[in-house]
Every structure is written in C-alpha cells, then in structure tokens.
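query09.txt (compact mmCIF, C-alpha atoms and all ligand atoms)
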# COMPACT_ATOMS: atom_id res chain seq x y z
CA MET A 1 0.00 0.00 0.00
CA SER A 2 1.36 3.39 -0.87
CA LYS A 3 0.72 6.48 1.16
CA ASP A 4 -1.46 7.83 -1.66
CA PHE A 5 -4.10 5.38 -0.51
CA LEU A 6 -4.67 7.53 2.58
CA ARG A 7 -4.80 10.86 0.87
CA ILE A 8 -8.13 12.65 1.09
CA SER A 9 -9.91 13.63 -2.09
CA PRO A 10 -9.87 17.47 -2.11
CA ALA A 11 -13.67 17.64 -2.21
CA PHE A 12 -13.90 15.81 1.14
CA GLU A 13 -11.10 17.51 3.03
CA ASP A 14 -13.36 19.76 5.07
CA VAL A 15 -15.59 16.94 6.31
CA MET A 16 -12.83 14.57 7.45
CA PRO A 17 -12.10 14.51 11.19
CA ALA A 18 -9.08 16.52 12.36
CA GLU A 19 -7.36 13.33 13.58
CA TYR A 20 -7.47 11.81 10.10
CA ARG A 21 -6.15 14.96 8.45
CA GLU A 22 -3.31 15.02 10.98
CA LEU A 23 -2.46 11.41 10.15
CA VAL A 24 -2.19 12.22 6.46
CA ALA A 25 -0.13 15.33 7.14
CA SER A 26 2.23 14.03 9.82
CA GLY A 27 1.56 10.32 10.39
CA PRO A 28 4.33 7.71 10.40
CA TYR A 29 3.45 5.81 7.19
CA GLY A 30 6.45 5.20 4.97
CA LYS A 31 8.80 7.06 7.30
CA GLY A 32 10.64 4.26 9.13
CA TYR A 33 10.28 6.02 12.48
CA GLY A 34 11.55 4.63 15.78
CA ILE A 35 11.00 5.30 19.47
CA SER A 36 13.16 8.42 19.46
CA ASP A 37 10.82 10.06 16.92
CA LEU A 38 7.87 9.95 19.34
CA GLY A 39 6.66 13.36 20.44
CA SER A 40 7.25 14.89 17.03
CA HIS A 41 4.70 13.17 14.78
CA LYS A 42 1.08 12.06 14.82
CA GLU A 43 0.85 8.58 16.32
CA LEU A 44 -1.08 5.59 14.99
CA LEU A 45 -2.88 5.22 18.30
CA GLU A 46 -5.54 7.80 19.15
CA GLU A 47 -7.08 8.76 22.49
CA HIS A 48 -8.09 5.44 24.11
CA PRO A 49 -10.18 4.26 27.07
CA LEU A 50 -7.51 2.22 28.92
CA CYS A 51 -6.86 3.11 32.58
CA ALA A 52 -4.51 5.84 33.79
CA GLY A 53 -0.97 4.47 34.18
CA CYS A 54 -1.77 1.27 32.24
CA GLY A 55 1.44 -0.61 31.40
CA LEU A 56 -0.35 -2.39 28.57
CA ALA A 57 -1.40 0.90 26.93
CA LEU A 58 2.17 2.20 27.16
CA SER A 59 3.55 -1.05 25.68
CA LEU A 60 1.06 -0.94 22.83
CA ARG A 61 1.89 2.69 22.09
CA LEU A 62 5.63 1.96 21.97
CA THR A 63 5.05 -1.15 19.85
CA LEU A 64 3.00 0.74 17.27
CA SER A 65 5.66 3.43 17.04
CA VAL A 66 8.34 1.04 15.74
CA LEU A 67 6.50 -1.05 13.14
CA PRO A 68 8.93 -1.31 10.21
CA ALA A 69 6.11 -0.82 7.64
CA PRO A 70 2.82 0.25 9.25
CA GLU A 71 1.14 0.65 5.86
CA ASP A 72 1.84 -3.04 5.09
CA THR A 73 1.07 -4.45 8.53
CA VAL A 74 -2.01 -6.31 9.75
CA ILE A 75 -2.45 -6.70 13.49
CA VAL A 76 -4.41 -9.71 14.70
CA GLY A 77 -5.81 -9.14 18.18
CA SER A 78 -7.88 -11.01 20.70
CA THR A 79 -10.35 -10.15 23.44
CA GLY A 80 -8.84 -8.36 26.43
CA CYS A 81 -7.89 -4.84 27.45
CA SER A 82 -5.81 -4.26 24.28
CA ALA A 83 -8.92 -4.93 22.18
CA LEU A 84 -10.45 -1.78 23.66
CA ALA A 85 -7.64 0.29 22.14
CA PHE A 86 -7.79 -1.11 18.61
CA PRO A 87 -10.80 0.87 17.40
CA GLN A 88 -8.49 3.86 17.94
CA VAL A 89 -5.56 2.48 15.91
CA ALA A 90 -4.95 3.66 12.34
CA LEU A 91 -3.83 0.27 11.02
CA HIS A 92 -5.42 -2.77 9.44
CA ASN A 93 -6.47 -4.95 12.31
CA ILE A 94 -8.56 -8.03 12.87
CA HIS A 95 -10.26 -8.91 16.12
CA SER A 96 -10.35 -12.69 16.35
CA LEU A 97 -12.31 -14.97 18.66
CA PHE A 98 -10.55 -15.20 22.03
CA GLY A 99 -7.66 -17.66 21.75
CA ASN A 100 -7.86 -18.09 17.96
CA GLN A 101 -5.46 -15.26 17.10
CA ASN A 102 -2.49 -17.34 15.93
CA ALA A 103 -4.67 -19.58 13.75
CA VAL A 104 -6.27 -16.52 12.12
CA ALA A 105 -2.86 -14.90 11.65
CA SER A 106 -1.45 -18.07 10.02
CA GLY A 107 -4.21 -18.20 7.42
CA LEU A 108 -4.01 -14.48 6.79
CA LYS A 109 -0.25 -14.54 6.26
CA ARG A 110 -0.54 -17.37 3.74
CA ALA A 111 -3.34 -15.60 1.87
CA LEU A 112 -1.36 -12.36 1.73
CA LYS A 113 1.66 -14.25 0.39
CA LEU A 114 -0.46 -15.62 -2.46
CA ARG A 115 -2.09 -12.27 -3.19
CA PHE A 116 1.12 -10.19 -2.93
CA PRO A 117 3.96 -12.59 -3.77
CA ASP A 118 6.52 -9.83 -4.26
CA LYS A 119 5.74 -7.77 -1.15
CA HIS A 120 6.35 -8.13 2.56
CA LYS A 121 3.07 -8.05 4.45
CA ASP A 122 3.77 -8.16 8.16
CA VAL A 123 1.22 -10.11 10.19
CA VAL A 124 1.60 -9.34 13.88
CA VAL A 125 -0.42 -10.93 16.67
CA VAL A 126 -0.95 -8.68 19.70
CA ALA A 127 -2.79 -10.40 22.56
CA GLY A 128 -2.91 -10.72 26.32
CA ASP A 129 -1.26 -13.34 28.49
CA GLY A 130 -4.57 -15.16 29.02
CA ALA A 131 -5.20 -15.30 25.28
CA THR A 132 -1.63 -16.38 24.51
CA ALA A 133 -0.48 -18.69 27.31
CA ASP A 134 -3.81 -20.16 28.46
CA ILE A 135 -6.86 -20.20 26.23
CA GLY A 136 -5.00 -19.80 22.90
CA LEU A 137 -1.91 -21.83 23.82
CA ASP A 138 -2.85 -24.66 21.46
CA MET A 139 -3.15 -22.32 18.45
CA VAL A 140 -0.03 -20.39 19.46
CA MET A 141 2.14 -23.50 19.80
CA GLN A 142 0.81 -25.13 16.64
CA SER A 143 1.60 -22.00 14.63
CA TRP A 144 5.17 -22.16 15.92
CA PHE A 145 5.50 -25.89 15.20
CA ARG A 146 4.38 -25.23 11.62
CA GLY A 147 6.94 -22.44 11.26
CA GLU A 148 4.39 -19.79 10.25
CA LEU A 149 6.00 -16.48 9.26
CA ILE A 150 4.22 -14.39 11.88
CA THR A 151 5.19 -12.37 14.95
CA THR A 152 3.45 -13.09 18.26
CA ILE A 153 3.48 -10.31 20.87
CA MET A 154 2.17 -11.02 24.35
CA LEU A 155 1.10 -8.06 26.50
CA ASP A 156 1.81 -9.70 29.84
CA ASN A 157 -0.10 -8.02 32.66
CA GLU A 158 0.00 -11.30 34.57
CA ALA A 159 -3.79 -11.61 34.86
CA TYR A 160 -7.12 -11.69 33.08
CA ALA A 161 -7.48 -7.94 33.53
CA ASN A 162 -10.43 -7.26 31.26
CA THR A 163 -12.74 -9.65 33.10
CA GLY A 164 -12.01 -8.30 36.57
CA GLY A 165 -8.83 -10.03 37.73
CA GLN A 166 -8.64 -13.82 37.49
CA GLU A 167 -5.23 -15.51 37.67
CA SER A 168 -3.59 -16.62 34.43
CA GLY A 169 -0.75 -19.05 33.78
CA MET A 170 1.47 -15.96 33.60
CA SER A 171 0.53 -14.65 37.07
CA PRO A 172 3.41 -15.09 39.48
CA LYS A 173 3.09 -17.75 42.18
CA GLY A 174 1.22 -16.38 45.19
CA ALA A 175 -0.52 -13.57 43.23
CA VAL A 176 -3.74 -12.45 44.93
CA LEU A 177 -6.30 -10.85 42.64
CA TYR A 178 -9.91 -9.68 42.94
CA MET A 179 -11.12 -13.03 41.64
CA ALA A 180 -8.23 -15.16 42.86
CA PRO A 181 -8.39 -14.45 46.58
CA LYS A 182 -6.53 -17.55 47.75
CA GLY A 183 -3.33 -16.78 45.85
CA LYS A 184 -1.94 -18.58 42.82
CA LYS A 185 -0.61 -22.05 43.55
CA PHE A 186 1.87 -22.66 40.71
CA GLN A 187 4.79 -20.89 38.99
CA LYS A 188 4.59 -18.39 36.15
CA VAL A 189 4.69 -20.22 32.80
CA ASN A 190 8.08 -19.87 31.11
CA MET A 191 6.78 -18.78 27.71
CA PRO A 192 10.05 -17.47 26.22
CA GLU A 193 11.63 -20.87 26.78
CA LEU A 194 8.58 -22.66 25.35
CA ALA A 195 8.71 -20.39 22.29
CA ARG A 196 12.34 -21.19 21.65
CA GLU A 197 11.79 -24.93 21.99
CA ALA A 198 8.70 -24.78 19.75
CA GLY A 199 10.60 -23.26 16.84
CA CYS A 200 10.64 -19.48 17.27
CA VAL A 201 13.84 -18.16 15.71
CA TYR A 202 13.72 -14.88 17.60
CA VAL A 203 12.47 -14.56 21.19
CA ALA A 204 12.61 -11.57 23.52
CA ALA A 205 11.22 -10.56 26.90
CA VAL A 206 11.18 -6.78 27.30
CA SER A 207 9.33 -3.99 29.10
CA PRO A 208 8.40 -0.33 28.62
CA ALA A 209 10.83 0.57 31.42
CA ASN A 210 13.44 0.28 28.68
CA PRO A 211 11.65 1.71 25.63
CA LYS A 212 14.61 1.50 23.27
CA ARG A 213 15.21 -2.16 23.99
CA LEU A 214 11.48 -2.82 23.56
CA GLY A 215 11.53 -1.03 20.21
CA LYS A 216 14.55 -2.93 19.00
CA ALA A 217 13.01 -6.29 19.95
CA ILE A 218 9.73 -5.55 18.14
CA LYS A 219 11.51 -4.39 15.00
CA ARG A 220 13.80 -7.40 14.99
CA ALA A 221 10.92 -9.82 15.59
CA ILE A 222 8.90 -8.41 12.69
CA LEU A 223 11.84 -8.34 10.27
CA VAL A 224 12.94 -11.88 11.10
CA ALA A 225 9.38 -13.21 10.68
CA ARG A 226 9.37 -11.96 7.09
CA GLU A 227 11.71 -14.70 5.94
CA VAL A 228 13.34 -16.78 8.64
CA GLY A 229 10.59 -18.15 10.92
CA PRO A 230 8.09 -17.43 13.69
CA THR A 231 9.06 -14.90 16.37
CA TYR A 232 7.85 -14.12 19.90
CA VAL A 233 8.09 -10.98 22.04
CA GLN A 234 6.77 -10.90 25.58
CA ILE A 235 6.23 -7.45 27.06
CA PHE A 236 5.90 -7.05 30.81
CA ALA A 237 3.01 -4.63 31.10
CA PRO A 238 1.82 -4.28 34.71
CA CYS A 239 -1.80 -3.46 35.46
CA PRO A 240 -2.30 -0.92 38.30
CA THR A 241 -6.05 -1.54 38.40
CA ASN A 242 -5.96 -5.28 39.14
CA PHE A 243 -2.71 -5.38 41.12
CA LYS A 244 -3.87 -2.41 43.20
CA PHE A 245 -0.87 -0.11 42.96
CA LYS A 246 -0.79 3.59 42.14
CA PRO A 247 -0.75 4.48 38.42
CA GLN A 248 2.50 6.44 38.77
CA GLU A 249 4.26 3.28 40.01
CA THR A 250 3.99 1.14 36.86
CA ILE A 251 7.57 1.72 35.71
CA LYS A 252 8.95 1.46 39.23
CA ARG A 253 7.21 -1.92 39.63
CA ILE A 254 8.84 -3.25 36.47
CA LYS A 255 12.28 -2.17 37.66
CA GLU A 256 11.74 -3.80 41.06
CA ARG A 257 10.69 -7.09 39.48
CA GLU A 258 13.69 -6.99 37.16
CA LYS A 259 15.98 -6.30 40.08
CA ASP A 260 14.67 -9.04 42.37
CA GLY A 261 14.90 -11.55 39.50
CA THR A 262 11.18 -12.37 39.33
CA TYR A 263 10.86 -11.02 35.78
CA LEU A 264 13.75 -11.87 33.48
CA MET A 265 14.41 -9.73 30.43
CA ARG A 266 16.18 -11.67 27.69
CA GLU A 267 16.79 -12.14 23.99
CA TYR A 268 17.41 -15.27 21.93
CA ILE A 269 18.39 -15.10 18.27
CA SER A 270 18.91 -18.26 16.23
CA PRO A 271 22.02 -18.38 14.00
CA GLU A 272 19.88 -17.97 10.82
CA ALA A 273 18.04 -15.01 12.33
CA GLN A 274 21.34 -13.51 13.41
CA GLU A 275 22.65 -13.71 9.87
CA TYR A 276 19.47 -12.19 8.45
CA LEU A 277 19.49 -9.34 10.96
CA ALA A 278 23.15 -8.56 10.37
CA ALA A 279 22.33 -8.01 6.69
CA MET A 280 19.15 -5.99 7.43
CA GLU A 281 20.39 -3.81 10.27
CA GLY A 282 23.23 -2.51 8.18
CA GLY A 283 20.64 -0.47 6.29
CA THR A 284 17.82 0.34 8.75
CA LYS A 285 17.34 2.48 11.79
CA ASP A 286 18.24 0.54 14.87
CA GLU A 287 15.41 1.24 17.31
CA MET B 1 -10.37 15.83 33.14
CA TYR B 2 -9.83 15.75 36.90
CA GLY B 3 -6.17 16.61 36.68
CA ALA B 4 -3.27 17.05 34.32
CA VAL B 5 0.48 17.31 34.41
CA LYS B 6 2.26 20.67 34.22
CA VAL B 7 5.70 21.41 32.79
CA ASP B 8 8.23 23.75 34.38
CA GLU B 9 9.96 24.95 31.22
CA GLU B 10 12.90 26.33 33.17
CA LYS B 11 13.77 22.83 34.38
CA CYS B 12 12.99 20.80 31.21
CA ASN B 13 16.08 19.81 29.19
CA GLY B 14 14.19 18.20 26.28
CA CYS B 15 15.44 14.64 26.93
CA LYS B 16 11.98 13.17 25.98
CA LEU B 17 12.08 10.43 28.64
CA CYS B 18 8.58 11.56 29.65
CA VAL B 19 7.34 11.12 26.07
CA PHE B 20 8.47 7.47 26.07
CA SER B 21 6.71 6.74 29.38
CA CYS B 22 3.25 8.16 28.74
CA PRO B 23 0.57 5.50 28.05
CA ASP B 24 -1.51 8.01 26.15
CA PRO B 25 -0.67 9.04 22.59
CA ASN B 26 -0.19 12.57 21.32
CA VAL B 27 -0.24 14.05 24.84
CA LEU B 28 3.39 15.07 25.32
CA THR B 29 5.07 16.87 22.43
CA LEU B 30 8.51 18.35 22.04
CA LEU B 31 8.33 21.96 20.88
CA LYS B 32 10.81 23.50 18.43
CA THR B 33 12.28 25.26 21.47
CA LYS B 34 13.23 21.76 22.80
CA LYS B 35 10.74 22.05 25.64
CA ILE B 36 7.92 19.63 26.39
CA THR B 37 4.31 20.69 26.11
CA VAL B 38 1.22 18.83 27.42
CA ASN B 39 -2.17 18.43 25.78
CA GLN B 40 -3.99 18.88 29.09
CA ASP B 41 -7.36 17.77 27.68
CA ARG B 42 -6.01 14.30 27.02
CA CYS B 43 -3.69 13.82 30.00
CA LYS B 44 -5.01 11.25 32.51
CA ALA B 45 -2.81 12.57 35.35
CA CYS B 46 -1.30 9.14 35.99
CA GLY B 47 2.09 10.64 36.88
CA LEU B 48 4.26 8.13 34.97
CA CYS B 49 5.99 10.93 33.05
CA ALA B 50 6.85 12.70 36.30
CA SER B 51 8.19 9.42 37.74
CA VAL B 52 10.90 9.23 35.05
CA CYS B 53 11.77 12.92 34.57
CA PRO B 54 15.40 13.40 35.65
CA LYS B 55 14.91 17.17 36.15
CA GLU B 56 11.74 17.10 38.24
CA ALA B 57 10.19 19.35 35.64
CA LEU B 58 6.75 17.70 35.76
CA THR B 59 4.09 17.93 38.46
CA VAL B 60 0.62 16.40 38.53
CA ASN B 61 -2.25 18.63 39.65
C1 LIG C 301 -14.07 -17.59 23.77
C2 LIG C 301 -14.07 -16.61 24.91
N1 LIG C 301 -13.83 -17.06 26.16
C3 LIG C 301 -13.80 -16.21 27.19
C4 LIG C 301 -14.02 -14.87 26.99
C5 LIG C 301 -14.02 -13.92 28.16
N2 LIG C 301 -12.83 -13.07 28.23
C6 LIG C 301 -12.82 -11.83 27.73
S1 LIG C 301 -11.41 -10.98 28.02
C7 LIG C 301 -10.80 -12.30 28.89
C8 LIG C 301 -9.48 -12.23 29.59
C9 LIG C 301 -8.40 -11.67 28.80
O1 LIG C 301 -7.18 -11.85 29.49
P1 LIG C 301 -5.85 -11.51 28.74
O2 LIG C 301 -5.77 -12.25 27.47
O3 LIG C 301 -4.72 -11.70 29.70
O4 LIG C 301 -6.03 -9.97 28.37
P2 LIG C 301 -6.04 -8.71 29.37
O5 LIG C 301 -7.47 -8.27 29.50
O6 LIG C 301 -5.42 -9.10 30.64
O7 LIG C 301 -5.24 -7.69 28.65
C10 LIG C 301 -11.69 -13.37 28.91
C11 LIG C 301 -11.49 -14.67 29.59
C12 LIG C 301 -14.28 -14.44 25.67
N3 LIG C 301 -14.48 -13.13 25.39
N4 LIG C 301 -14.31 -15.32 24.66
S1 LIG C 302 -7.51 -3.11 33.72
FE1 LIG C 302 -5.27 -3.06 33.78
S2 LIG C 302 -4.55 -3.78 31.78
FE2 LIG C 302 -6.74 -3.23 31.61
S3 LIG C 302 -6.76 -1.09 30.90
FE3 LIG C 302 -6.89 -1.04 33.13
S4 LIG C 302 -4.74 -0.90 33.83
FE4 LIG C 302 -4.70 -1.55 31.69
S1 LIG C 303 11.62 14.00 31.07
FE1 LIG C 303 11.60 15.99 32.10
S2 LIG C 303 13.44 16.99 31.36
FE2 LIG C 303 13.07 15.28 29.97
S3 LIG C 303 11.85 16.21 28.33
FE3 LIG C 303 10.38 15.39 29.82
S4 LIG C 303 9.92 17.13 31.15
FE4 LIG C 303 11.77 17.66 30.02
S1 LIG C 304 0.39 12.26 33.68
FE1 LIG C 304 0.20 10.29 32.56
S2 LIG C 304 -1.21 10.77 30.88
FE2 LIG C 304 -0.51 12.74 31.68
S3 LIG C 304 1.24 13.27 30.38
FE3 LIG C 304 2.05 12.21 32.20
S4 LIG C 304 2.23 10.06 31.59
FE4 LIG C 304 0.87 11.07 30.10
MG MG C 305 -3.72 -10.26 30.83

Just give me the structure of the file as structure tokens.
Ligand SMILES: Cc1ncc(C[n+]2csc(CCOP(=O)(O)OP(=O)(O)O)c2C)c(N)n1
Ligand code: SF4
Ligand code: SF4
Ligand code: SF4
Ligand SMILES: [Mg+2]
Amino acid sequence: MSKDFLRISPAFEDVMPAEYRELVASGPYGKGYGISDLGSHKELLEEHPLCAGCGLALSLRLTLSVLPAPEDTVIVGSTGCSALAFPQVALHNIHSLFGNQNAVASGLKRALKLRFPDKHKDVVVVAGDGATADIGLDMVMQSWFRGELITTIMLDNEAYANTGGQESGMSPKGAVLYMAPKGKKFQKVNMPELAREAGCVYVAAVSPANPKRLGKAIKRAILVAREVGPTYVQIFAPCPTNFKFKPQETIKRIKEREKDGTYLMREYISPEAQEYLAAMEGGTKDE
Amino acid sequence: MYGAVKVDEEKCNGCKLCVFSCPDPNVLTLLKTKKITVNQDRCKACGLCASVCPKEALTVN
C-alpha cells in the first residue's frame, strides 16, 4: 500500500475529522520512524479508554511506534484490554475470537503471500497473556511448530485484567487478585523458553521501562518473521487496576521485578536469524 | 479531566524520557524550542511521566 491510498480527495477535506487529516499530514506511514521520533509526529494510536498508568497501553503505544512498515502491517488481536484500544488504531487490524489469534494470523499470512507474492506483508499478533499462554496456547504452539511467518506479541499483565482479575498461567506464584483471593498455587509459565523450543527463531522478553530495547526487539521480531521463521516478544506490562498499585508506580514496579529476579528480560536469536538481521540492520534504523 | 500534568519549562532539558513513558498518545510533544508541552485535555494525570523525569520538571495537579 502506498501512502497515496490515505490521501483525502480534495472535495472531502473539510468533512474529514481533524485526527485523520493530521495522520495524512504528519503520520508515520512510509517514514521508518523509531522510538526516538515519538513526540514529534502524529501517532497511529488515538485517544483510548484504557486506565490511567496502564502498562499495557504504554507497551502498545511503543510497539506501534516502531513497526517497520505500518502501511503493510495487519495486526491480529484477541479479546482483552488491548482490544479496547484497537478501534483507535490507524492500522489494518482483525479482532479474532478469544484464543484463535495465531490460527487466524497463520491463514491471513498465507493468503497475503499468495495475493502479494513480491511484497512483505507483516502479520503481527498482539494479545494478552490469558489469550496467549492459556486459552489460545494450542493455536499459538501449533503456529510455531508449523513455522508460520508471523510475529506473536504477548502483553503480559500477569492476569485476566479485562474480566475483573482472574489468575492466568502468567501470574506469578502467590498472586492475589480480585477473583483469585486464595493466591496462585503454581509458577509463572516460562513462555520465552517454550517459544524457543517450539521453533521461534527470535524470542525476547522486554518492558516499557526500557523503551529502546522494547523497540529494537519488536523491529527485529517483525523483520525476522518476514523470511526466517516465527518470532515471539513478551512485554511485561503491569496493570495498576488489578494489582492495586498507584498508576505512577507502573515503571517502578517493572524495575523492582527486574531487580529481584522475578521477571527476566532476555533475547534469543537463532544463527539464521542472526545472519538475516546482520544483513538488514546494516541499512535500517536501529530502534 | 480531573487533573493534568504541568511542565516547568525552566527545568525541562528536552530529553523526551517523559514522552516514552506516557501511556496516552499525542499528549506530550517536544516543541521547536526543545521544551515539552502537554495536551492537558487528554492527560489522565497518571504521573508516569513525572516518575521518570530526571529534572523534576513535571508535576501532577
Ligand atoms: C471464547 C471466549 N472465552 C472467554 C471470553 C471472556 N474473556 C474476555 S477478556 C478475557 C481475559 C483476557 O485476558 P488476557 O488475554 O490476559 O487480556 P487482558 O485483559 O489481561 O489484557 C476473557 C477470559 C471471551 N471473550 N471469549
Ligand atoms: S484493567 Fe489493567 S490492563 Fe486493563 S486497561 Fe486497566 S490498567 Fe490496563
Ligand atoms: S523527562 Fe523531564 S526533562 Fe526530559 S523532556 Fe520530559 S519534562 Fe523535560
Ligand atoms: S500524567 Fe500520565 S497521561 Fe498525563 S502526560 Fe504524564 S504520563 Fe501522560
Ligand atoms: Mg492479561
């Protein structure tokens, strides 16, 4: 898709909403922007209804700001808090049935490959921890086993936030939530390790407390999924509403968890992905 | 809105760390003068920007 696609016919300019006109005038399409360009252009995400201080909203905003080719990207989402933001995102996106996101993304990627054989169309799954590691785990793992050329991004707020705070496989052991009053009995699922074993050629665990590292991981994951294999990025995105901390403490909480070793940030790159990235990163912006 | 963040332009050094920590889009913008400005109508007063500002240039009302 070229940027011309977005341009408003002169006869309709005065009736288009201001936000759309701003996107055409100073949006990120075709620009190759990174994190450091935020604050100087119109973002893909518009005013959204997620809570004040939401780590998931911040992670989504940073993610959308580093897409290598927003005009050729389709986001596949699932039910959860992030789904409430997508009506405000100026990108192609599909809302799939809860848990089905990686199956939908697999089919979509194959169809796009047939329809546009000479173009890269990036298919990126963005879903919660419940959708990814619990209810959709079957579809997620099978897409990795099959080597589908898609990127899977988990927004890990360590709970079913959207339905009022049930524990998920990604909640830490002992977590007490509104609807898990007795405390979680088993360990947090080690998804990055599972992803690597299941065939992901690029895996990262990052957080918005380090925006540049987050941006680099997302960019790498999307580029590698174009040709080498499936990729997985897990973003630690704490939820002040369900974990009952003050909204201004979201970033502090991430740093504390990193420090006490209960949330490990990491990156795994397979040798093939490494080779591919070395060739790509020579010519692109690095964050 | 019930509250919004305010910038002390004297203290702001234009590092943009606040911009990268705000969960809400198009709220904090860097002016040509290299100072931050806030779209107060859209700020949710969460205070995350203030929590990362190295110059203590931001306060939540
Ligand atoms: C098939 C199906 N099962 C259950 C639900 C109910 N449901 C809606 S959101 C949600 C939890 C989402 O948790 P997560 O994926 O972690 O996203 P979060 O809201 O935490 O961001 C559930 C169980 C649903 N919408 N559809
Ligand atoms: S409930 Fe939690 S994850 Fe959902 S929007 Fe609110 S802060 Fe964000
Ligand atoms: S973090 Fe503080 S000093 Fe840096 S740009 Fe923002 S307000 Fe200015
Ligand atoms: S208080 Fe929260 S919403 Fe307002 S500018 Fe700061 S980070 Fe953004
Ligand atoms: Mg969740």

Could you pull the residues within 8 Å of Phe20 in chain B, counting all atoms listed in the file, minus those fewer than 4 positions along the same chain, as a PyMOL selection string?
-> (chain A and resi 35+38+62+211) or (chain B and resi 16)

Please, could you write that set of residues out with C-alpha atoms as a short mmCIF file (atom, residue, chain, number, x, y, z; two decimals), in the frame of the given file?
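Wrote it out as part.cif, contents follow:
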data_model
loop_
_atom_site.label_atom_id
_atom_site.label_comp_id
_atom_site.auth_asym_id
_atom_site.auth_seq_id
_atom_site.Cartn_x
_atom_site.Cartn_y
_atom_site.Cartn_z
CA ILE A 35 11.00 5.30 19.47
CA LEU A 38 7.87 9.95 19.34
CA LEU A 62 5.63 1.96 21.97
CA PRO A 211 11.65 1.71 25.63
CA LYS B 16 11.98 13.17 25.98
#

Contact residues around range 31-41 of chain B with only C-alpha atoms at 12 Å, ignoring same-chain residues under 4 positions, as number ranges by chain = A: 38-41, 47; B: 1-19, 22, 24-27, 45, 49, 53, 57-61

Considering all atoms listed in the file, give me a table of residues in chain A that are at most 8 Å from ligand MG 305 (chain C), with the closest atom pair and distance in Å for each, as JSON lines.
{"residue": "A:Gly80", "atom": "CA", "partner": "C:MG305", "partner_atom": "MG", "distance": 7.0}
{"residue": "A:Cys81", "atom": "CA", "partner": "C:MG305", "partner_atom": "MG", "distance": 7.6}
{"residue": "A:Gly128", "atom": "CA", "partner": "C:MG305", "partner_atom": "MG", "distance": 4.6}
{"residue": "A:Asp129", "atom": "CA", "partner": "C:MG305", "partner_atom": "MG", "distance": 4.6}
{"residue": "A:Gly130", "atom": "CA", "partner": "C:MG305", "partner_atom": "MG", "distance": 5.3}
{"residue": "A:Ala131", "atom": "CA", "partner": "C:MG305", "partner_atom": "MG", "distance": 7.6}
{"residue": "A:Leu155", "atom": "CA", "partner": "C:MG305", "partner_atom": "MG", "distance": 6.8}
{"residue": "A:Asp156", "atom": "CA", "partner": "C:MG305", "partner_atom": "MG", "distance": 5.6}
{"residue": "A:Asn157", "atom": "CA", "partner": "C:MG305", "partner_atom": "MG", "distance": 4.6}
{"residue": "A:Glu158", "atom": "CA", "partner": "C:MG305", "partner_atom": "MG", "distance": 5.4}
{"residue": "A:Ala159", "atom": "CA", "partner": "C:MG305", "partner_atom": "MG", "distance": 4.3}
{"residue": "A:Tyr160", "atom": "CA", "partner": "C:MG305", "partner_atom": "MG", "distance": 4.3}
{"residue": "A:Ala161", "atom": "CA", "partner": "C:MG305", "partner_atom": "MG", "distance": 5.2}
{"residue": "A:Asn162", "atom": "CA", "partner": "C:MG305", "partner_atom": "MG", "distance": 7.4}
{"residue": "A:Ser168", "atom": "CA", "partner": "C:MG305", "partner_atom": "MG", "distance": 7.3}

Atom-to-atom span, CA of Gly55 in chain A and atom C4 of ligand LIG 301 (chain C), Å | 21.5 Å

CA of Pro230 in chain A to CA of Met191 in chain A, straight-line distance in Å | 14.1 Å

Neighbourhood of ligand LIG 302 (chain C) at 8 Å, counting only C-alpha atoms and all ligand atoms, reported as JSON, numbers by chain | {"A": [49, 50, 51, 52, 53, 54, 55, 56, 57, 80, 81, 82, 157, 161, 162, 164, 237, 238, 239, 240, 241, 242]}
